[in-house]
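S.K.: Contents of data_30.cif (mmCIF, C-alpha atoms):
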data_entry
#
loop_
_atom_site.label_atom_id
_atom_site.label_comp_id
_atom_site.auth_asym_id
_atom_site.auth_seq_id
_atom_site.Cartn_x
_atom_site.Cartn_y
_atom_site.Cartn_z
CA VAL R 247 -12.40 3.80 50.96
CA ASN R 248 -9.45 4.81 48.78
CA GLU R 249 -8.17 8.35 48.18
CA ARG R 250 -10.74 8.92 45.41
CA GLY R 251 -13.66 7.96 47.60
CA ASP R 252 -14.32 4.53 46.10
CA SER R 253 -15.36 1.87 48.59
CA LEU R 254 -13.21 -1.22 48.01
CA ALA R 255 -13.42 -4.72 49.46
CA PHE R 256 -10.57 -6.69 51.04
CA ASN R 257 -10.07 -10.19 52.43
CA ILE R 258 -7.98 -10.42 55.60
CA LEU R 259 -4.98 -12.71 55.03
CA SER R 260 -3.18 -12.29 58.33
CA ASP R 261 -2.97 -10.01 61.35
CA SER R 262 -1.24 -7.41 59.20
CA THR R 263 -2.12 -8.08 55.53
CA VAL R 264 -5.14 -8.04 53.20
CA MET R 265 -6.00 -8.92 49.58
CA VAL R 266 -8.11 -6.66 47.38
CA THR R 267 -11.11 -8.64 46.16
CA SER R 268 -14.47 -8.38 44.42
CA SER R 269 -17.30 -6.31 45.82
CA ASN R 270 -19.63 -9.25 45.16
CA VAL R 271 -18.91 -12.12 47.55
CA ASN R 272 -20.52 -14.56 45.10
CA TYR R 273 -18.36 -13.42 42.18
CA ASN R 274 -15.91 -15.90 40.68
CA TYR R 275 -14.29 -16.62 37.35
CA ASN R 276 -17.18 -18.84 36.23
CA ASN R 277 -19.72 -16.01 36.30
CA SER R 278 -21.00 -14.56 33.04
CA VAL R 279 -19.71 -11.33 31.55
CA ASP R 280 -22.92 -9.65 32.72
CA THR R 281 -21.93 -10.00 36.38
CA ILE R 282 -22.11 -6.65 38.15
CA ASN R 283 -18.97 -5.99 40.16
CA TYR R 284 -18.15 -2.61 41.72
CA ASN R 285 -21.01 -1.21 39.66
CA TYR R 286 -20.93 2.03 41.69
CA ILE R 287 -17.48 2.97 40.36
CA THR R 288 -17.80 5.44 37.50
CA ALA R 289 -14.30 6.94 37.57
CA ASP R 290 -11.74 6.10 34.87
CA THR R 291 -9.06 5.23 37.46
CA ILE R 292 -8.92 2.90 40.45
CA VAL R 293 -6.16 3.52 42.99
CA ILE R 294 -5.36 0.59 45.29
CA PRO R 295 -4.04 1.96 48.61
CA GLU R 296 -0.95 0.67 50.39
CA GLN R 297 -2.83 0.29 53.65
CA VAL R 298 -6.42 0.04 54.84
CA GLU R 299 -8.03 0.27 58.28
CA ASN R 300 -10.71 -1.90 59.81
CA ASN R 301 -12.03 -1.60 63.35
CA GLY R 302 -9.04 0.50 64.33
CA HIS R 303 -6.50 -1.97 62.91
CA THR R 304 -4.20 -1.14 59.98
CA TYR R 305 -3.50 -3.73 57.27
CA THR R 306 -1.03 -3.67 54.37
CA VAL R 307 -2.43 -4.49 50.91
CA VAL R 308 -0.24 -7.28 49.51
CA ALA R 309 -2.28 -9.19 46.90
CA THR R 310 -5.10 -9.21 44.35
CA ASP R 311 -7.74 -11.92 44.42
CA PRO R 312 -6.89 -14.67 41.89
CA LYS R 313 -10.59 -15.49 41.38
CA GLY R 314 -11.45 -11.95 40.40
CA ALA R 315 -11.16 -8.44 41.77
CA PHE R 316 -12.25 -5.80 39.27
CA GLY R 317 -13.68 -7.80 36.37
CA HIS R 318 -16.61 -6.46 34.32
CA ILE R 319 -16.18 -2.76 35.14
CA LYS R 320 -16.75 -0.68 32.01
CA SER R 321 -15.67 2.76 33.23
CA VAL R 322 -12.13 2.04 34.39
CA GLN R 323 -9.20 2.74 32.07
CA VAL R 324 -6.32 2.68 34.59
CA ILE R 325 -5.62 0.64 37.70
CA ILE R 326 -2.81 1.78 40.00
CA LEU R 327 -1.21 -0.85 42.25
CA PRO R 328 0.87 0.15 45.28
CA LYS R 329 4.48 -0.67 46.09
CA THR R 330 3.25 -3.11 48.76
CA ILE R 331 1.67 -5.59 46.27
CA GLN R 332 3.55 -8.89 46.48
CA GLN R 333 1.26 -11.20 44.54
CA ILE R 334 -1.05 -10.75 41.56
CA GLY R 335 -3.29 -13.79 41.35
CA ASP R 336 -1.68 -17.16 42.06
CA THR R 337 0.94 -16.84 39.39
CA LEU R 338 4.18 -15.80 41.07
CA GLY R 339 5.38 -19.20 42.17
CA TYR R 340 4.31 -21.27 39.20
CA CYS R 341 4.64 -21.49 35.46
CA GLU R 342 3.93 -24.18 32.89
CA TYR R 343 7.62 -24.97 32.56
CA ILE R 344 9.10 -26.59 35.67
CA GLU R 345 12.22 -28.68 35.12
CA ASN R 346 10.70 -30.25 31.99
CA SER R 347 8.37 -32.16 34.28
CA THR R 348 4.95 -33.39 33.15
CA LYS R 349 4.30 -34.40 36.75
CA ALA R 350 4.91 -30.86 37.96
CA ILE R 351 2.47 -29.43 35.44
CA LEU R 352 -0.21 -31.93 36.41
CA ALA R 353 0.29 -31.20 40.09
CA ALA R 354 -0.49 -27.53 39.58
CA MET R 355 -2.96 -27.78 36.70
CA ASN R 356 -6.14 -25.77 37.31
CA LYS R 357 -4.93 -24.68 40.74
CA ASP R 358 -3.57 -21.24 39.84
CA ARG R 359 -5.62 -18.28 38.69
CA ASN R 360 -4.98 -14.71 37.58
CA PHE R 361 -8.49 -13.33 37.04
CA GLY R 362 -8.03 -9.97 38.75
CA PHE R 363 -8.68 -7.66 35.78
CA GLN R 364 -10.44 -9.64 33.06
CA TYR R 365 -13.48 -8.51 31.05
CA MET R 366 -12.68 -4.84 31.55
CA PRO R 367 -13.35 -3.52 28.03
CA ASN R 368 -11.76 -0.09 28.56
CA LEU R 369 -8.82 -1.00 30.81
CA LYS R 370 -5.73 0.24 28.98
CA SER R 371 -3.06 0.30 31.67
CA ILE R 372 -2.20 -1.41 34.97
CA ASN R 373 0.37 0.82 36.62
CA VAL R 374 2.55 -0.54 39.40
CA ASP R 375 4.31 1.87 41.75
CA ALA R 376 7.93 2.29 40.62
CA GLU R 377 9.16 1.37 44.11
CA ASN R 378 7.45 -2.03 44.06
CA PRO R 379 10.22 -4.67 44.37
CA HIS R 380 8.22 -7.45 42.68
CA PHE R 381 6.54 -5.96 39.60
CA GLN R 382 6.90 -3.22 37.03
CA THR R 383 4.75 -1.76 34.27
CA ILE R 384 5.97 -1.50 30.69
CA ASP R 385 3.57 0.38 28.40
CA GLY R 386 0.64 -0.56 30.64
CA VAL R 387 1.57 -4.27 30.79
CA VAL R 388 2.67 -5.85 34.08
CA TYR R 389 5.87 -7.91 34.27
CA THR R 390 7.85 -9.17 37.21
CA LYS R 391 10.67 -6.85 38.19
CA ASP R 392 13.27 -8.96 36.38
CA LEU R 393 11.08 -8.97 33.22
CA LYS R 394 11.15 -12.77 33.09
CA ASN R 395 7.39 -13.19 33.63
CA LEU R 396 4.57 -11.41 31.81
CA ILE R 397 1.81 -11.21 34.44
CA VAL R 398 -1.13 -9.40 32.83
CA TYR R 399 -1.95 -7.48 29.66
CA PRO R 400 -4.86 -5.01 30.06
CA SER R 401 -7.93 -6.36 28.30
CA GLY R 402 -8.97 -2.96 26.96
CA LYS R 403 -5.74 -1.99 25.18
CA THR R 404 -6.71 -1.11 21.62
CA GLU R 405 -3.50 -2.06 19.82
CA LYS R 406 -3.91 -4.98 17.42
CA SER R 407 -0.34 -6.23 17.89
CA TYR R 408 2.08 -6.60 20.78
CA ASN R 409 5.76 -7.52 21.07
CA VAL R 410 6.58 -9.40 24.28
CA ILE R 411 9.74 -7.93 25.79
CA ASP R 412 12.99 -9.70 24.94
CA GLY R 413 14.20 -11.62 27.99
CA CYS R 414 10.71 -12.68 29.06
CA GLU R 415 10.70 -16.42 29.80
CA HIS R 416 7.13 -17.13 30.89
CA ILE R 417 3.69 -15.85 29.97
CA VAL R 418 1.71 -16.74 33.06
CA ARG R 419 -1.85 -18.03 33.26
CA GLU R 420 -4.66 -15.86 31.86
CA ALA R 421 -2.12 -13.14 31.00
CA PHE R 422 -3.89 -12.13 27.76
CA PHE R 423 -7.35 -13.32 28.75
CA SER R 424 -10.19 -11.48 26.97
CA CYS R 425 -8.01 -8.95 25.12
CA THR R 426 -10.59 -8.31 22.44
CA HIS R 427 -8.51 -6.06 20.15
CA LEU R 428 -5.33 -8.12 20.02
CA GLU R 429 -4.71 -10.06 16.80
CA GLU R 430 -0.93 -10.56 16.66
CA ILE R 431 1.68 -11.29 19.34
CA ASP R 432 5.37 -11.50 18.62
CA PHE R 433 7.24 -13.74 21.04
CA PRO R 434 10.94 -13.36 21.93
CA ASN R 435 13.53 -16.12 21.57
CA SER R 436 13.83 -16.14 25.36
CA LEU R 437 10.26 -17.44 25.93
CA LYS R 438 10.06 -20.92 27.54
CA SER R 439 6.39 -21.37 28.48
CA ILE R 440 2.86 -20.12 27.90
CA GLY R 441 0.31 -20.60 30.66
CA TYR R 442 -3.17 -22.03 30.98
CA PHE R 443 -5.94 -19.91 29.37
CA ALA R 444 -3.28 -17.44 28.22
CA PHE R 445 -5.16 -16.17 25.15
CA TRP R 446 -8.74 -17.21 25.92
CA ASP R 447 -11.30 -14.89 24.27
CA THR R 448 -8.49 -13.08 22.45
CA PRO R 449 -8.95 -13.04 18.65
CA LEU R 450 -5.44 -13.95 17.56
CA LYS R 451 -5.10 -14.59 13.84
CA ARG R 452 -2.23 -17.01 14.35
CA LEU R 453 0.02 -18.42 17.06
CA VAL R 454 3.64 -18.70 15.92
CA LEU R 455 5.95 -19.98 18.66
CA LYS R 456 9.71 -19.77 18.60
CA ASP R 457 11.96 -22.79 19.08
CA SER R 458 12.64 -21.68 22.66
CA VAL R 459 9.07 -22.48 23.82
CA GLU R 460 9.08 -25.84 25.59
CA ALA R 461 5.70 -26.07 27.37
CA ILE R 462 2.21 -24.75 26.68
CA GLY R 463 -0.62 -24.83 29.19
CA ALA R 464 -4.12 -26.21 28.76
CA ALA R 465 -6.82 -24.40 26.80
CA VAL R 466 -4.51 -21.63 25.62
CA VAL R 467 -6.98 -20.33 23.02
CA ASN R 468 -10.64 -20.89 22.23
CA GLU R 469 -12.51 -21.11 18.97
CA GLU R 470 -15.60 -19.06 19.78
CA ASN R 471 -14.04 -15.85 18.47
CA TYR R 472 -13.55 -17.23 14.99
CA SER R 473 -16.39 -16.99 12.48
CA LYS R 474 -15.57 -20.36 10.93
CA GLY R 475 -15.04 -21.97 14.31
CA ARG R 476 -11.43 -22.77 13.49
CA PHE R 477 -8.17 -21.19 14.65
CA PRO R 478 -6.28 -20.21 11.49
CA CYS R 479 -2.64 -21.17 12.07
CA VAL R 480 -0.42 -22.64 14.79
CA VAL R 481 3.35 -23.15 14.69
CA PHE R 482 5.14 -25.23 17.34
CA GLY R 483 8.87 -24.74 17.73
CA ALA R 484 11.58 -27.36 17.56
CA ASN R 485 11.77 -27.74 21.36
CA THR R 486 8.09 -27.83 22.26
CA HIS R 487 7.72 -31.08 24.17
CA LEU R 488 4.67 -30.64 26.39
CA LEU R 489 1.12 -29.42 25.74
CA GLY R 490 -1.68 -29.09 28.25
CA TYR R 491 -4.97 -30.85 27.52
CA LEU R 492 -7.33 -29.05 25.11
CA CYS R 493 -4.36 -26.87 24.25
CA LEU R 494 -5.77 -25.77 20.91
CA PRO R 495 -9.14 -25.69 19.16
CA PRO R 496 -9.75 -27.20 15.70
CA THR R 497 -7.08 -25.67 13.50
CA ASP R 498 -6.75 -25.26 9.75
CA THR R 499 -2.96 -25.46 9.70
CA ILE R 500 -0.43 -26.79 12.21
CA TYR R 501 3.32 -26.70 11.71
CA CYS R 502 5.39 -28.71 14.17
CA ARG R 503 9.13 -28.22 13.95
CA ALA R 504 9.84 -30.68 16.76
CA MET R 505 11.34 -33.98 15.61
CA THR R 506 9.52 -35.70 18.50
CA PRO R 507 5.82 -34.79 18.74
CA PRO R 508 4.91 -32.98 21.98
CA ALA R 509 3.34 -35.00 24.79
CA ILE R 510 -0.15 -34.12 26.03
CA ALA R 511 -0.59 -33.64 29.79
CA TYR R 512 -4.03 -34.50 31.21
CA ASP R 513 -5.24 -33.86 34.73
CA ASP R 514 -6.97 -36.49 36.87
CA GLU R 515 -10.40 -35.39 35.66
#
Let me see the structure of the file written as C-alpha cells.
M.R.:
Amino acid sequence: VNERGDSLAFNILSDSTVMVTSSNVNYNYNNSVDTINYNYITADTIVIPEQVENNGHTYTVVATDPKGAFGHIKSVQVIILPKTIQQIGDTLGYCEYIENSTKAILAAMNKDRNFGFQYMPNLKSINVDAENPHFQTIDGVVYTKDLKNLIVYPSGKTEKSYNVIDGCEHIVREAFFSCTHLEEIDFPNSLKSIGYFAFWDTPLKRLVLKDSVEAIGAAVVNEENYSKGRFPCVVFGANTHLLGYLCLPPTDTIYCRAMTPPAIAYDDE
C-alpha cells in the first residue's frame, strides 16, 4: 500500500528488489483496451514508493513491468516514480540503432517492451524524482538523464504537437504508443533511431524524418486511426538505411531522400 492508500502489486526480482506490475496477473500487452487493471484506483495521482515490505522483508522498487503496469486506468492523470527506479520497461539497454547492424536489430526484435503506461486516456504527466540518476521528466515526458533517449510520452497529454528535445538520439519502443491527441511531432537533427511500435494508435498526420535518422523499428505506425485507411505522408531522410518489417501502413505519399533505398529487416517468423 502506497502513501495514498492504494494497494499496488509487485514482482520480486531479487532478495532486495521488486518491479511494480499489473494488479491482474493475466494482464499483458495483447489484452483489449477494455481490460480492467487497478480498477479500484479512483485518485488522479499514483505514487510509486521507493520501498515496499512483504512478510517483514523490505524491498527497493527498481523497475516497471515491460508487459504492462498501469494500463487502462481512466482516473489517473499523474504517475510519480521514485529515485530508485532503474529501468522502465525493457528499453534501457537497447535501441533500433546498434552499430548499423541489421543482425543486431533482428536479435532483439520483438524482445523488448515498454507497455507500462499505455491506454491511460487522462495520463498527462509521468514525474520522475529529481534525484533519480537514470531518468528525468521534461514537461511530463520521460527521458534518460542524459536526454539521449525518449522513454515514454504520456498517452493522455492533450497537446496536438510535440517537439522532441534537441540532443535526443533514440525514441525507444512504444514511446508514443496510444497518444490519441498527438498529430504532429518535430524531430531534432540529433535523432538516430525510432523504435518498434513507437507511434502505434497515435493519429499522426505525417511522419517527416530528418537526415540523421538511420534506423526505424517494425510497425512504427498503424492505419486503423485513419478514415481512409492510409497514412498521409512519410519522408525518409538521406541516411535512413534500415527499416523494420511492416514499418509503415499503406501510404499516399513517400519521399525517400536516401540515394540507396533502405533495407528491410525481417525476424525469423
S.K.: Please determine, counting only C-alpha atoms, which residue among R:Arg419, R:Lys391, R:His318, R:Lys403 has the shortest atom-to-atom distance to Ile462 in chain R.
M.R.: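 Selected residue with least distance to Ile462 in chain R: R:Arg419.
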S.K.: Could you tell me which of R:Asp385, R:Asp311, R:Glu296, R:Glu405 comes closest to Phe361 in chain R if we count only C-alpha atoms?
M.R.: R:Asp311
S.K.: Which protein, DNA or RNA residues are at most 8 Å from (5.7, -2.7, 48.8) in the file's coordinates when you count only C-alpha atoms, listed as an MDAnalysis selection string?
M.R.: chainID R and resid 296 308 328:332 377:379
S.K.: Take CA of Thr497 in chain R and CA of Val480 in chain R and report the distance between them in Å, one decimal.
M.R.: 7.4 Å
S.K.: Measuring atom to atom with only C-alpha atoms, identify which of R:Glu460, R:Val322, R:Gln382, R:Asn468 is nearest to His487 in chain R.
M.R.: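 Of all the options, R:Glu460 lies closest to His487 in chain R.
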S.K.: Selection in question (the file shown): the PyMOL selection byres ((chain R and resi 437-451) around 7). Which residues does it include, as a ChimeraX atom specification?
M.R.: /R:341-343,414-426,428-430,433-436,452,458-468,471,478
S.K.: Tell me, as JSON, numbers by chain, which residues lie within 9 Å of Leu327 in chain R, counting all atoms listed in the file; anything in the same chain fewer than 5 positions away does not count.
M.R.: {"R": [292, 293, 294, 295, 296, 372, 373, 374, 375, 378]}
S.K.: Go ahead and write the residues just picked, C-alpha atoms, as a PDB file, in the coordinates of the input.
M.R.:
ATOM      1  CA  ILE R 292      -8.920   2.900  40.450  1.00  0.00           C
ATOM      2  CA  VAL R 293      -6.160   3.520  42.990  1.00  0.00           C
ATOM      3  CA  ILE R 294      -5.360   0.590  45.290  1.00  0.00           C
ATOM      4  CA  PRO R 295      -4.040   1.960  48.610  1.00  0.00           C
ATOM      5  CA  GLU R 296      -0.950   0.670  50.390  1.00  0.00           C
ATOM      6  CA  ILE R 372      -2.200  -1.410  34.970  1.00  0.00           C
ATOM      7  CA  ASN R 373       0.370   0.820  36.620  1.00  0.00           C
ATOM      8  CA  VAL R 374       2.550  -0.540  39.400  1.00  0.00           C
ATOM      9  CA  ASP R 375       4.310   1.870  41.750  1.00  0.00           C
ATOM     10  CA  ASN R 378       7.450  -2.030  44.060  1.00  0.00           C
TER      11      ASN R 378
END
S.K.: At what distance in Å, to one decimal, does CA of Val264 in chain R lie from CA of Gly302 in chain R?
M.R.: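 Taking CA of Gly302 in chain R as the start and CA of Val264 in chain R as the end point, the length is 14.6 Å.
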S.K.: Go through R:Ala511, R:Val324, R:Ala309, R:Met366 and flag the residue nearest Phe381 in chain R, using all atoms listed in the file for the distances.
M.R.: R:Ala309
S.K.: Using all atoms listed in the file, pick whichever of R:Ile334, R:Met505, R:Val388, R:Ile510 has the shortest atom-to-atom distance to Lys370 in chain R.
M.R.: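 Closest to Lys370 in chain R, using all atoms listed in the file: R:Val388.
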S.K.: Give the answer as one residue: which of R:Gln333, R:Ser262, R:Gln364, R:Asn300 has the shortest atom-to-atom distance to Asn283 in chain R, using all atoms listed in the file?
M.R.: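 Using all atoms listed in the file, Asn283 in chain R sits closest to R:Gln364.
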S.K.: With the file shown as input, list the residues that the PyMOL selection byres ((chain R and resi 507) around 12) selects, as a PyMOL selection string.
M.R.: chain R and resi 460+482-489+501-506+508-510
S.K.: For the atom pair CA of Ile411 in chain R and CA of Val481 in chain R, what is the interatomic distance in Å to one decimal place?
M.R.: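 Computing it gives 19.9 Å between the two atoms.
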S.K.: Which residues fall under the PyMOL selection byres ((chain R and resi 258) around 12) in this file, as a list in words?
M.R.: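 When the PyMOL selection byres ((chain R and resi 258) around 12) is applied to the shown file, the picked residues are Ala255, Phe256, Asn257, Leu259, Ser260, Asp261, Ser262, Thr263, Val264, Met265, Val266, Thr267, Val298, Glu299, Asn300, His303, Thr304, Tyr305, Thr306, Val307, Val308, Ala309, Thr310 and Asp311 of chain R.
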